[in-house]
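This is structure.csv. It holds CSV, C-alpha atoms.
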```csv
chain,number,residue,atom,x,y,z
A,30,MET,CA,0.0,0.0,0.0
A,31,LYS,CA,2.8,2.4,0.9
A,32,LEU,CA,4.6,1.7,-2.3
A,33,GLN,CA,1.4,2.2,-4.4
A,34,ARG,CA,0.7,5.5,-2.6
A,35,LYS,CA,4.3,6.6,-3.2
A,36,ASN,CA,4.0,5.9,-6.9
A,37,ARG,CA,0.7,7.8,-7.1
A,38,LEU,CA,2.2,10.8,-5.5
A,39,ARG,CA,5.2,10.6,-7.8
A,40,ALA,CA,2.9,10.4,-10.9
A,41,THR,CA,0.9,13.4,-9.7
A,42,ALA,CA,4.0,15.5,-9.2
A,43,LEU,CA,5.3,14.6,-12.6
A,44,GLY,CA,1.9,15.6,-14.1
A,45,VAL,CA,1.9,19.0,-12.4
A,46,ILE,CA,5.4,19.6,-13.7
A,47,ALA,CA,4.4,18.7,-17.2
A,48,VAL,CA,1.3,20.9,-17.1
A,49,SER,CA,3.3,23.8,-15.6
A,50,SER,CA,6.0,23.4,-18.3
A,51,ALA,CA,3.3,23.4,-21.1
A,52,LEU,CA,1.7,26.5,-19.6
A,53,ALA,CA,5.1,28.2,-19.4
A,54,LEU,CA,5.8,27.3,-23.1
A,55,THR,CA,2.4,28.6,-24.1
A,56,ALA,CA,3.0,31.9,-22.2
A,57,CYS,CA,6.4,32.3,-23.8
A,58,GLY,CA,4.9,31.6,-27.2
A,59,SER,CA,2.2,34.2,-26.6
A,60,ASP,CA,4.8,36.8,-25.6
A,61,ASP,CA,6.9,36.1,-28.7
A,62,ASN,CA,3.8,36.4,-30.9
A,63,ASP,CA,2.9,39.7,-29.4
A,64,LYS,CA,6.4,41.0,-30.0
A,65,THR,CA,6.9,39.7,-33.5
A,66,SER,CA,3.6,40.1,-35.2
A,67,GLY,CA,0.6,42.5,-35.4
A,68,SER,CA,-2.9,41.3,-36.1
A,69,THR,CA,-4.3,42.2,-39.5
A,70,GLY,CA,-7.8,42.6,-38.2
A,71,GLY,CA,-9.2,39.2,-39.3
A,72,THR,CA,-7.4,38.6,-42.6
A,73,GLY,CA,-5.6,35.7,-41.2
A,74,LYS,CA,-2.2,37.2,-42.0
A,75,THR,CA,0.3,38.9,-39.8
A,76,SER,CA,3.1,41.3,-40.3
A,77,ALA,CA,6.4,40.3,-38.8
A,78,ALA,CA,7.6,43.1,-36.5
A,79,SER,CA,11.2,42.3,-37.2
A,80,ASN,CA,10.5,43.5,-40.8
A,81,ILE,CA,9.1,46.8,-39.7
A,82,LYS,CA,11.9,49.4,-39.1
A,83,CYS,CA,11.0,51.8,-36.3
A,84,ASP,CA,14.1,53.9,-36.8
A,85,GLY,CA,13.4,57.5,-35.9
A,86,ALA,CA,9.8,56.9,-35.0
A,87,LYS,CA,8.6,58.5,-31.8
A,88,GLY,CA,5.5,59.9,-30.1
A,89,GLN,CA,2.2,60.6,-31.8
A,90,LEU,CA,1.5,61.0,-35.5
A,91,LEU,CA,-1.8,62.5,-36.6
A,92,ALA,CA,-3.1,61.9,-40.1
A,93,SER,CA,-6.4,62.2,-41.8
A,94,GLY,CA,-8.3,62.0,-45.1
A,95,SER,CA,-9.6,59.4,-47.4
A,96,SER,CA,-12.2,57.0,-46.0
A,97,ALA,CA,-11.5,54.7,-49.0
A,98,GLN,CA,-8.3,53.5,-47.5
A,99,LYS,CA,-9.7,53.2,-43.9
A,100,ASN,CA,-9.8,49.4,-43.8
A,101,ALA,CA,-6.2,49.2,-45.2
A,102,MET,CA,-5.1,51.9,-42.8
A,103,ASP,CA,-6.6,50.1,-39.8
A,104,LEU,CA,-4.5,47.0,-40.7
A,105,TRP,CA,-1.4,49.0,-41.2
A,106,VAL,CA,-1.7,51.0,-38.0
A,107,LYS,CA,-2.4,48.0,-35.9
A,108,ASN,CA,0.6,46.1,-37.3
A,109,TYR,CA,2.9,49.1,-37.1
A,110,MET,CA,2.0,50.0,-33.5
A,111,ALA,CA,2.4,46.3,-32.5
A,112,ALA,CA,6.0,46.5,-33.8
A,113,CYS,CA,7.0,50.0,-32.8
A,114,LYS,CA,6.2,50.2,-29.1
A,115,GLY,CA,5.5,53.7,-27.7
A,116,VAL,CA,4.6,55.1,-31.1
A,117,GLU,CA,1.0,56.1,-31.7
A,118,ILE,CA,-0.6,56.7,-35.1
A,119,ASN,CA,-4.0,58.3,-35.3
A,120,TYR,CA,-5.6,58.3,-38.7
A,121,LYS,CA,-9.0,60.0,-38.9
A,122,ALA,CA,-11.0,58.6,-41.9
A,123,SER,CA,-13.1,61.5,-43.1
A,124,SER,CA,-12.7,62.5,-46.7
A,125,SER,CA,-10.0,63.4,-49.2
A,126,GLY,CA,-11.0,67.0,-49.2
A,127,GLU,CA,-10.9,67.3,-45.4
A,128,GLY,CA,-7.5,65.5,-45.3
A,129,ILE,CA,-5.9,67.9,-47.8
A,130,ILE,CA,-7.3,70.9,-45.9
A,131,ALA,CA,-5.9,69.5,-42.6
A,132,PHE,CA,-2.5,68.9,-44.3
A,133,ASN,CA,-2.3,72.4,-45.8
A,134,GLN,CA,-3.2,73.8,-42.4
A,135,SER,CA,-0.3,71.9,-40.8
A,136,GLN,CA,-2.7,69.8,-38.6
A,137,VAL,CA,-1.4,66.4,-39.7
A,138,GLY,CA,1.8,64.7,-40.6
A,139,PHE,CA,0.4,63.3,-43.8
A,140,ALA,CA,-3.0,63.1,-45.5
A,141,GLY,CA,-4.8,60.4,-47.5
A,142,SER,CA,-6.5,61.4,-50.8
A,143,ASP,CA,-8.2,59.4,-53.5
A,144,SER,CA,-7.2,62.0,-56.1
A,145,ALA,CA,-3.9,63.8,-56.7
A,146,LEU,CA,-3.4,67.3,-55.5
A,147,LYS,CA,-4.6,70.1,-57.7
A,148,PRO,CA,-2.2,72.9,-58.7
A,149,GLU,CA,-3.8,75.3,-56.2
A,150,GLU,CA,-3.5,72.7,-53.4
A,151,VAL,CA,0.2,72.2,-54.2
A,152,ALA,CA,0.6,76.0,-54.0
A,153,ASN,CA,-1.0,76.1,-50.6
A,154,SER,CA,1.2,73.2,-49.4
A,155,LYS,CA,4.3,75.3,-49.9
A,156,LYS,CA,3.2,77.4,-47.0
A,157,VAL,CA,3.6,74.4,-44.6
A,158,CYS,CA,6.4,72.5,-46.4
A,159,THR,CA,9.2,74.8,-45.3
A,160,GLY,CA,12.6,75.3,-47.1
A,161,GLY,CA,11.2,75.2,-50.6
A,162,GLY,CA,9.3,72.0,-50.2
A,163,GLN,CA,5.8,71.1,-51.4
A,164,GLY,CA,3.2,68.4,-51.0
A,165,ILE,CA,3.7,65.4,-53.2
A,166,ASN,CA,1.5,62.4,-54.1
A,167,LEU,CA,2.6,59.0,-53.1
A,168,PRO,CA,0.4,56.2,-54.5
A,169,MET,CA,0.0,53.7,-51.7
A,170,VAL,CA,-3.1,51.6,-52.2
A,171,GLY,CA,-5.4,50.9,-55.1
A,172,GLY,CA,-8.6,49.0,-55.6
A,173,PRO,CA,-12.0,48.8,-57.3
A,174,ILE,CA,-14.8,51.2,-56.6
A,175,ALA,CA,-17.7,48.8,-56.3
A,176,ILE,CA,-21.2,49.7,-57.4
A,177,GLY,CA,-23.0,48.0,-54.6
A,178,TYR,CA,-26.7,47.2,-54.7
A,179,HIS,CA,-29.5,45.7,-52.6
A,180,LEU,CA,-32.3,44.2,-54.6
A,181,GLU,CA,-34.2,41.3,-53.1
A,182,GLY,CA,-34.4,38.4,-55.5
A,183,VAL,CA,-31.6,39.6,-57.7
A,184,ASP,CA,-28.3,38.0,-56.9
A,185,SER,CA,-26.4,39.0,-60.0
A,186,LEU,CA,-26.5,42.3,-61.9
A,187,VAL,CA,-24.7,43.7,-64.9
A,188,LEU,CA,-24.6,47.4,-65.8
A,189,ASP,CA,-22.6,49.4,-68.4
A,190,ALA,CA,-21.3,52.9,-67.9
A,191,PRO,CA,-24.2,54.7,-69.7
A,192,THR,CA,-26.7,52.9,-67.5
A,193,VAL,CA,-24.7,53.6,-64.3
A,194,ALA,CA,-24.6,57.3,-65.4
A,195,LYS,CA,-28.3,57.5,-66.0
A,196,ILE,CA,-29.1,55.9,-62.6
A,197,PHE,CA,-26.9,58.3,-60.7
A,198,ASN,CA,-28.1,61.2,-62.8
A,199,SER,CA,-31.8,60.4,-62.0
A,200,LYS,CA,-32.6,59.5,-65.6
A,201,ILE,CA,-33.3,55.9,-64.8
A,202,LYS,CA,-35.6,55.7,-61.8
A,203,ASN,CA,-37.0,52.1,-61.7
A,204,TRP,CA,-35.3,48.8,-61.5
A,205,ASN,CA,-37.3,47.2,-64.3
A,206,ASP,CA,-36.2,49.9,-66.7
A,207,GLU,CA,-35.7,48.7,-70.3
A,208,ALA,CA,-31.9,49.6,-70.2
A,209,ILE,CA,-31.3,47.5,-67.1
A,210,ALA,CA,-33.5,44.6,-68.4
A,211,LYS,CA,-31.6,44.5,-71.7
A,212,LEU,CA,-28.3,44.0,-69.8
A,213,ASN,CA,-29.9,41.3,-67.5
A,214,PRO,CA,-32.2,39.2,-69.6
A,215,SER,CA,-32.5,36.4,-67.1
A,216,ALA,CA,-33.0,38.5,-64.0
A,217,LYS,CA,-36.4,39.0,-62.5
A,218,LEU,CA,-36.2,42.8,-62.0
A,219,PRO,CA,-38.9,44.1,-59.7
A,220,ASP,CA,-41.1,47.2,-60.4
A,221,LYS,CA,-39.4,49.1,-57.6
A,222,ALA,CA,-38.0,52.6,-57.4
A,223,ILE,CA,-34.2,53.0,-57.4
A,224,GLN,CA,-32.8,54.7,-54.3
A,225,ALA,CA,-29.3,56.0,-55.3
A,226,PHE,CA,-26.9,57.0,-52.6
A,227,HIS,CA,-23.9,59.3,-53.0
A,228,ARG,CA,-21.3,60.9,-50.7
A,229,SER,CA,-22.4,64.1,-49.0
A,230,GLN,CA,-18.9,65.7,-48.5
A,231,ASP,CA,-16.0,66.3,-50.9
A,232,SER,CA,-14.8,62.8,-51.8
A,233,GLY,CA,-12.0,61.5,-54.0
A,234,THR,CA,-14.2,58.4,-54.5
A,235,THR,CA,-16.8,60.6,-56.0
A,236,GLN,CA,-14.2,62.3,-58.2
A,237,ASN,CA,-12.9,58.9,-59.5
A,238,LEU,CA,-16.4,57.8,-60.3
A,239,GLY,CA,-16.9,61.0,-62.2
A,240,LYS,CA,-13.6,60.5,-64.1
A,241,TYR,CA,-14.8,57.0,-65.1
A,242,LEU,CA,-18.3,58.1,-66.2
A,243,GLY,CA,-16.9,61.2,-67.9
A,244,ALA,CA,-14.5,59.0,-70.0
A,245,THR,CA,-17.0,56.3,-70.8
A,246,ALA,CA,-20.4,57.9,-70.8
A,247,LYS,CA,-19.9,61.5,-71.5
A,248,ALA,CA,-23.3,62.0,-73.1
A,249,ASP,CA,-25.1,60.8,-70.0
A,250,TRP,CA,-22.6,62.3,-67.5
A,251,PRO,CA,-21.9,65.9,-68.5
A,252,TYR,CA,-20.3,66.9,-65.3
A,253,PRO,CA,-16.7,67.8,-64.5
A,254,ALA,CA,-14.9,65.3,-62.3
A,255,GLU,CA,-14.9,67.0,-59.0
A,256,LYS,CA,-14.9,65.9,-55.4
A,257,LYS,CA,-18.3,67.4,-54.7
A,258,TRP,CA,-21.3,65.4,-55.9
A,259,PRO,CA,-22.6,67.1,-59.1
A,260,ALA,CA,-25.8,65.4,-60.1
A,261,PRO,CA,-29.4,66.2,-59.1
A,262,GLY,CA,-31.5,63.8,-57.0
A,263,GLY,CA,-30.3,60.8,-55.0
A,264,GLN,CA,-29.7,60.6,-51.3
A,265,ALA,CA,-26.5,61.7,-49.5
A,266,ALA,CA,-24.6,59.9,-46.8
A,267,ALA,CA,-21.3,60.8,-45.1
A,268,GLY,CA,-18.3,58.6,-45.9
A,269,SER,CA,-18.0,55.3,-47.7
A,270,SER,CA,-19.0,53.4,-44.6
A,271,ASP,CA,-22.3,55.3,-44.3
A,272,VAL,CA,-23.1,54.9,-48.0
A,273,ALA,CA,-22.5,51.2,-47.7
A,274,ALA,CA,-24.6,51.0,-44.6
A,275,GLN,CA,-27.5,52.7,-46.4
A,276,VAL,CA,-27.3,50.3,-49.3
A,277,LYS,CA,-27.1,47.3,-46.9
A,278,GLN,CA,-30.3,48.2,-45.1
A,279,THR,CA,-32.4,49.6,-48.0
A,280,ASP,CA,-34.1,47.3,-50.5
A,281,GLY,CA,-33.9,48.9,-53.9
A,282,ALA,CA,-30.7,50.8,-53.1
A,283,ILE,CA,-27.5,51.4,-55.1
A,284,GLY,CA,-24.4,53.2,-54.2
A,285,TYR,CA,-20.6,53.4,-54.8
A,286,PHE,CA,-17.8,52.7,-52.3
A,287,GLU,CA,-14.5,50.8,-52.1
A,288,LEU,CA,-14.8,47.0,-52.4
A,289,SER,CA,-13.6,46.5,-48.9
A,290,TYR,CA,-16.9,48.0,-47.6
A,291,ALA,CA,-18.9,45.6,-49.8
A,292,THR,CA,-16.8,42.7,-48.6
A,293,ALA,CA,-17.1,43.6,-44.9
A,294,GLN,CA,-20.9,43.9,-45.1
A,295,SER,CA,-21.7,41.2,-47.7
A,296,ILE,CA,-23.1,43.7,-50.2
A,297,LYS,CA,-23.7,42.4,-53.7
A,298,THR,CA,-21.7,44.3,-56.4
A,299,VAL,CA,-22.4,45.1,-60.0
A,300,ASP,CA,-20.4,43.5,-62.9
A,301,LEU,CA,-19.4,46.1,-65.5
A,302,ASN,CA,-20.0,45.5,-69.1
A,303,THR,CA,-16.9,47.3,-70.5
A,304,GLY,CA,-17.0,45.9,-74.0
A,305,ALA,CA,-14.6,43.1,-73.1
A,306,ALA,CA,-15.5,39.5,-73.9
A,307,ALA,CA,-17.4,39.2,-70.6
A,308,PRO,CA,-18.7,41.5,-67.9
A,309,VAL,CA,-15.9,42.2,-65.3
A,310,LYS,CA,-16.3,41.7,-61.6
A,311,ALA,CA,-15.1,44.1,-59.0
A,312,THR,CA,-12.1,42.2,-57.5
A,313,PRO,CA,-8.7,43.3,-56.4
A,314,GLU,CA,-7.1,41.1,-59.1
A,315,ASN,CA,-9.2,42.7,-61.9
A,316,ALA,CA,-8.5,46.2,-60.5
A,317,SER,CA,-4.8,45.4,-60.5
A,318,LYS,CA,-5.0,44.7,-64.2
A,319,ALA,CA,-6.4,48.1,-64.9
A,320,ILE,CA,-4.0,49.9,-62.5
A,321,ALA,CA,-1.0,48.1,-64.0
A,322,ALA,CA,-1.5,50.2,-67.1
A,323,ALA,CA,-1.3,53.5,-65.2
A,324,LYS,CA,1.5,56.0,-66.1
A,325,ILE,CA,3.2,58.4,-63.8
A,326,LYS,CA,2.1,61.9,-64.8
A,327,GLY,CA,3.6,63.8,-61.8
A,328,THR,CA,7.0,65.5,-62.2
A,329,GLY,CA,10.0,65.5,-59.9
A,330,LYS,CA,9.2,63.5,-56.7
A,331,ASP,CA,5.5,63.7,-57.3
A,332,LEU,CA,4.1,60.3,-58.3
A,333,ALA,CA,0.6,61.2,-59.4
A,334,LEU,CA,-0.8,58.5,-61.8
A,335,GLY,CA,-2.8,58.7,-65.0
A,336,LEU,CA,-5.4,55.9,-65.1
A,337,ASP,CA,-7.1,54.5,-68.3
A,338,TYR,CA,-10.8,54.4,-67.4
A,339,THR,CA,-11.7,53.3,-71.0
A,340,THR,CA,-9.9,50.0,-71.1
A,341,LYS,CA,-11.7,47.1,-72.7
A,342,ALA,CA,-9.1,44.5,-71.8
A,343,ASP,CA,-10.5,41.2,-70.7
A,344,GLY,CA,-10.6,40.9,-67.0
A,345,ALA,CA,-9.6,44.6,-66.4
A,346,TYR,CA,-12.0,46.4,-64.0
A,347,PRO,CA,-11.7,50.1,-65.0
A,348,LEU,CA,-13.7,51.8,-62.2
A,349,VAL,CA,-10.7,52.0,-59.9
A,350,LEU,CA,-9.0,54.5,-57.6
A,351,VAL,CA,-5.6,54.9,-56.3
A,352,THR,CA,-5.2,56.5,-52.8
A,353,TYR,CA,-2.2,58.7,-52.3
A,354,GLU,CA,-0.5,59.5,-49.0
A,355,ILE,CA,0.4,63.2,-49.2
A,356,ALA,CA,3.5,64.4,-47.5
A,357,CYS,CA,6.1,67.2,-48.0
A,358,ASP,CA,9.0,66.3,-50.2
A,359,LYS,CA,11.0,68.4,-47.9
A,360,GLY,CA,10.2,70.7,-45.0
A,361,ASN,CA,8.2,68.1,-43.0
A,362,LYS,CA,7.9,68.8,-39.2
A,363,ALA,CA,11.0,67.7,-37.4
A,364,ASP,CA,9.1,66.0,-34.6
A,365,THR,CA,7.1,63.8,-36.9
A,366,LEU,CA,9.4,63.3,-39.9
A,367,GLY,CA,10.9,60.1,-38.5
A,368,THR,CA,7.6,58.5,-37.9
A,369,VAL,CA,6.2,59.5,-41.2
A,370,LYS,CA,9.1,58.0,-43.0
A,371,SER,CA,9.1,54.8,-40.9
A,372,PHE,CA,5.4,54.3,-41.2
A,373,LEU,CA,5.2,54.9,-45.0
A,374,THR,CA,8.3,52.7,-45.5
A,375,TYR,CA,6.2,49.9,-43.9
A,376,THR,CA,3.0,50.6,-45.9
A,377,ALA,CA,4.9,50.7,-49.2
A,378,GLY,CA,7.1,47.7,-48.3
A,379,ASP,CA,6.4,44.1,-49.1
A,380,GLU,CA,4.7,43.3,-45.8
A,381,GLY,CA,2.4,46.4,-46.0
A,382,GLN,CA,1.4,45.7,-49.6
A,383,LYS,CA,0.9,41.9,-49.1
A,384,ILE,CA,-2.0,42.3,-46.7
A,385,LEU,CA,-4.0,44.5,-49.1
A,386,SER,CA,-5.6,41.9,-51.3
A,387,ASP,CA,-7.3,40.0,-48.5
A,388,ALA,CA,-8.9,43.3,-47.4
A,389,GLY,CA,-10.4,44.0,-50.8
A,390,TYR,CA,-7.6,46.3,-52.1
A,391,ALA,CA,-5.1,46.1,-54.9
A,392,PRO,CA,-1.4,46.5,-54.2
A,393,ILE,CA,0.4,49.2,-56.2
A,394,PRO,CA,2.2,47.7,-59.2
A,395,ALA,CA,5.9,46.8,-58.5
A,396,GLU,CA,7.5,49.3,-60.9
A,397,ILE,CA,5.5,52.2,-59.5
A,398,ASN,CA,5.9,51.0,-55.9
A,399,ALA,CA,9.7,50.9,-56.3
A,400,LYS,CA,9.6,54.7,-57.0
A,401,VAL,CA,7.4,55.2,-54.0
A,402,ARG,CA,9.9,53.5,-51.7
A,403,GLU,CA,12.7,55.5,-53.1
A,404,THR,CA,10.8,58.8,-52.6
A,405,VAL,CA,9.7,58.0,-49.1
A,406,ALA,CA,13.4,57.2,-48.2
A,407,GLY,CA,14.3,60.7,-49.4
A,408,LEU,CA,11.7,62.7,-47.5
A,409,GLN,CA,13.2,65.6,-45.6
```
Output the file's structure as structure tokens, nothing else.
Amino acid sequence: MKLQRKNRLRATALGVIAVSSALALTACGSDDNDKTSGSTGGTGKTSAASNIKCDGAKGQLLASGSSAQKNAMDLWVKNYMAACKGVEINYKASSSGEGIIAFNQSQVGFAGSDSALKPEEVANSKKVCTGGGQGINLPMVGGPIAIGYHLEGVDSLVLDAPTVAKIFNSKIKNWNDEAIAKLNPSAKLPDKAIQAFHRSQDSGTTQNLGKYLGATAKADWPYPAEKKWPAPGGQAAAGSSDVAAQVKQTDGAIGYFELSYATAQSIKTVDLNTGAAAPVKATPENASKAIAAAKIKGTGKDLALGLDYTTKADGAYPLVLVTYEIACDKGNKADTLGTVKSFLTYTAGDEGQKILSDAGYAPIPAEINAKVRETVAGLQ
């Protein structure tokens, strides 16, 4: 009996040691994971902190602008702050117009915009970019502008540019309109009023939609491509997230926003009849095919891009935008320059670009991205 009792005590002790060891290893593993990776917010991928260089980064960095890149920025900021302890990045997703105003009023270290700076905005930037500097456009993330819709009983929808233009210009007002029916012969389109939603504030997403419609449906979209919504009628909502939310909850609704918002809220998106062999879906891959044909039209260190909205290449989704991070080429604030360079080096780097596709965005083509990295490294 004494021997059996002694053996049982010995086995129990060994079991406790084993469990304790396992817990210790698990805890060590958790600590290591926290130190070496940042969550990507549900994409299933992480960014190794050892690949994020925090050199010169310190304190707090304020930034604001484009809501189109909000979901990408959320991932980038989370990963970066996990790697660079003690550094805080606050990005306010509002609109491109508000971001540029904040930048030119010296309120932020960089701004996000879905359209390149206008000449007058560059002129204003010279007041805050000291020592002869100016604001420059750094293309950082691309992607499709999805035409999202909510129409009960219709799981697939094809539209072409003239029809999209007429819908948002209040010329087509019902879902069973002949123009829509012709493009969707097998769909059971209801006799229901179309509720078209657009952005209420100045928006680069609006401007890019205008550029696309102006290039492909000029007769039906006679407006200049501006950040402010130009057409009569429709309903306004603030930010891409609010437009998407309205479409999500309203039967008969249609709106435009970045694909990431459609993906996050399971909103159906329109396939575009571009004249290619088949209608083109709004996907990061198809957007990349269109963005890859972009040419740099900026001069000097400015990397503004010229996009071809009229492409009919198979599998190329032409309704795209490229979001720029706007910073001073020289004359950045001394207390935030190190953080701006460190953060944008990460977002333009391999790790920062790799996480974009899973979030509904398109990485910047390699040839252009190489110039972005070179320019970021030279910011002063």
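Here CA of Thr340 (chain A) and CA of Ala246 (chain A) stand 13.1 Å from one another.
Using all atoms listed in the file, the protein and nucleic acid residues lying no more than 6 Å from region 119-130 of chain A, apart from those fewer than 3 places from it along its own chain, are Leu91, Ala92, Ser93, Gly94, Ser95, Ser96, Lys99, Asn133, Ala140, Ser142, Asp231, Ser232 and Gly233 of chain A.
CA of Ala388 (chain A) is positioned 20.5 Å from CA of Asn80 (chain A).
CA of Gly171 (chain A) to CA of Ala316 (chain A) spans 7.8 Å [interatomic distance, one decimal].
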Env of Ala225 (chain A): 10 Å cut, atoms = all atoms listed in the file, seq-sep filter 4 positions within chain, self excluded. Answer as a tab-separated table (two decimals) with C-alpha atoms, in the frame of the given file.
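Final output, saved to part32.tsv:
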```tsv
chain	number	residue	atom	x	y	z
A	178	TYR	CA	-26.70	47.20	-54.70
A	196	ILE	CA	-29.10	55.90	-62.60
A	197	PHE	CA	-26.90	58.30	-60.70
A	198	ASN	CA	-28.10	61.20	-62.80
A	199	SER	CA	-31.80	60.40	-62.00
A	202	LYS	CA	-35.60	55.70	-61.80
A	262	GLY	CA	-31.50	63.80	-57.00
A	263	GLY	CA	-30.30	60.80	-55.00
A	264	GLN	CA	-29.70	60.60	-51.30
A	265	ALA	CA	-26.50	61.70	-49.50
A	272	VAL	CA	-23.10	54.90	-48.00
A	275	GLN	CA	-27.50	52.70	-46.40
A	276	VAL	CA	-27.30	50.30	-49.30
A	281	GLY	CA	-33.90	48.90	-53.90
A	282	ALA	CA	-30.70	50.80	-53.10
A	283	ILE	CA	-27.50	51.40	-55.10
A	284	GLY	CA	-24.40	53.20	-54.20
A	285	TYR	CA	-20.60	53.40	-54.80
```
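Between Tyr241 (chain A) and the residues A:Asp189, A:Asp387, A:Asp280, A:Asp206, the shortest atom-to-atom distance, using all atoms listed in the file, involves A:Asp189.
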Residues around (7.1, 65.1, -50.2), cut-off 6 Å, counting all atoms listed in the file - what are they as a ChimeraX atom specification?
-> /A:164-165,356-359,408
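Of the listed residues (A:Val193, A:Ala101, A:Ala406, A:Ile397), A:Ala406 comes nearest to Thr374 (chain A); the distances count all atoms listed in the file.
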From the coordinates supplied, region 94-107 of chain A should be written with N, CA, C and O atoms, as a short mmCIF file (atom, residue, chain, number, x, y, z; two decimals), in the first residue's frame.
```cif
data_model
loop_
_atom_site.label_atom_id
_atom_site.label_comp_id
_atom_site.auth_asym_id
_atom_site.auth_seq_id
_atom_site.Cartn_x
_atom_site.Cartn_y
_atom_site.Cartn_z
N GLY A 94 -7.91 61.94 -43.71
CA GLY A 94 -8.28 62.02 -45.12
C GLY A 94 -9.14 60.87 -45.58
O GLY A 94 -10.08 60.47 -44.87
N SER A 95 -8.83 60.35 -46.73
CA SER A 95 -9.62 59.36 -47.45
C SER A 95 -10.21 58.27 -46.56
O SER A 95 -9.50 57.59 -45.83
N SER A 96 -11.53 58.10 -46.67
CA SER A 96 -12.17 56.96 -46.00
C SER A 96 -12.06 55.71 -46.86
O SER A 96 -12.28 54.60 -46.39
N ALA A 97 -11.68 55.89 -48.14
CA ALA A 97 -11.52 54.74 -49.03
C ALA A 97 -10.45 53.79 -48.52
O ALA A 97 -10.56 52.58 -48.66
N GLN A 98 -9.41 54.33 -47.92
CA GLN A 98 -8.31 53.49 -47.46
C GLN A 98 -8.43 53.14 -45.97
O GLN A 98 -7.50 52.57 -45.40
N LYS A 99 -9.56 53.46 -45.35
CA LYS A 99 -9.70 53.25 -43.91
C LYS A 99 -9.39 51.81 -43.50
O LYS A 99 -8.65 51.56 -42.54
N ASN A 100 -9.97 50.84 -44.21
CA ASN A 100 -9.77 49.44 -43.81
C ASN A 100 -8.31 49.01 -43.98
O ASN A 100 -7.80 48.23 -43.17
N ALA A 101 -7.66 49.53 -45.00
CA ALA A 101 -6.23 49.24 -45.17
C ALA A 101 -5.44 49.94 -44.06
O ALA A 101 -4.53 49.35 -43.46
N MET A 102 -5.77 51.18 -43.80
CA MET A 102 -5.06 51.94 -42.78
C MET A 102 -5.22 51.31 -41.40
O MET A 102 -4.27 51.28 -40.60
N ASP A 103 -6.40 50.78 -41.12
CA ASP A 103 -6.62 50.10 -39.83
C ASP A 103 -5.65 48.94 -39.65
O ASP A 103 -5.09 48.74 -38.58
N LEU A 104 -5.46 48.18 -40.72
CA LEU A 104 -4.53 47.05 -40.66
C LEU A 104 -3.10 47.53 -40.50
O LEU A 104 -2.34 47.01 -39.67
N TRP A 105 -2.73 48.51 -41.28
CA TRP A 105 -1.36 49.03 -41.23
C TRP A 105 -1.03 49.60 -39.85
O TRP A 105 0.03 49.30 -39.29
N VAL A 106 -1.93 50.41 -39.33
CA VAL A 106 -1.68 51.04 -38.03
C VAL A 106 -1.57 49.99 -36.93
O VAL A 106 -0.68 50.07 -36.07
N LYS A 107 -2.43 49.00 -36.97
CA LYS A 107 -2.40 47.95 -35.94
C LYS A 107 -1.08 47.18 -35.97
O LYS A 107 -0.44 46.95 -34.95
#
```
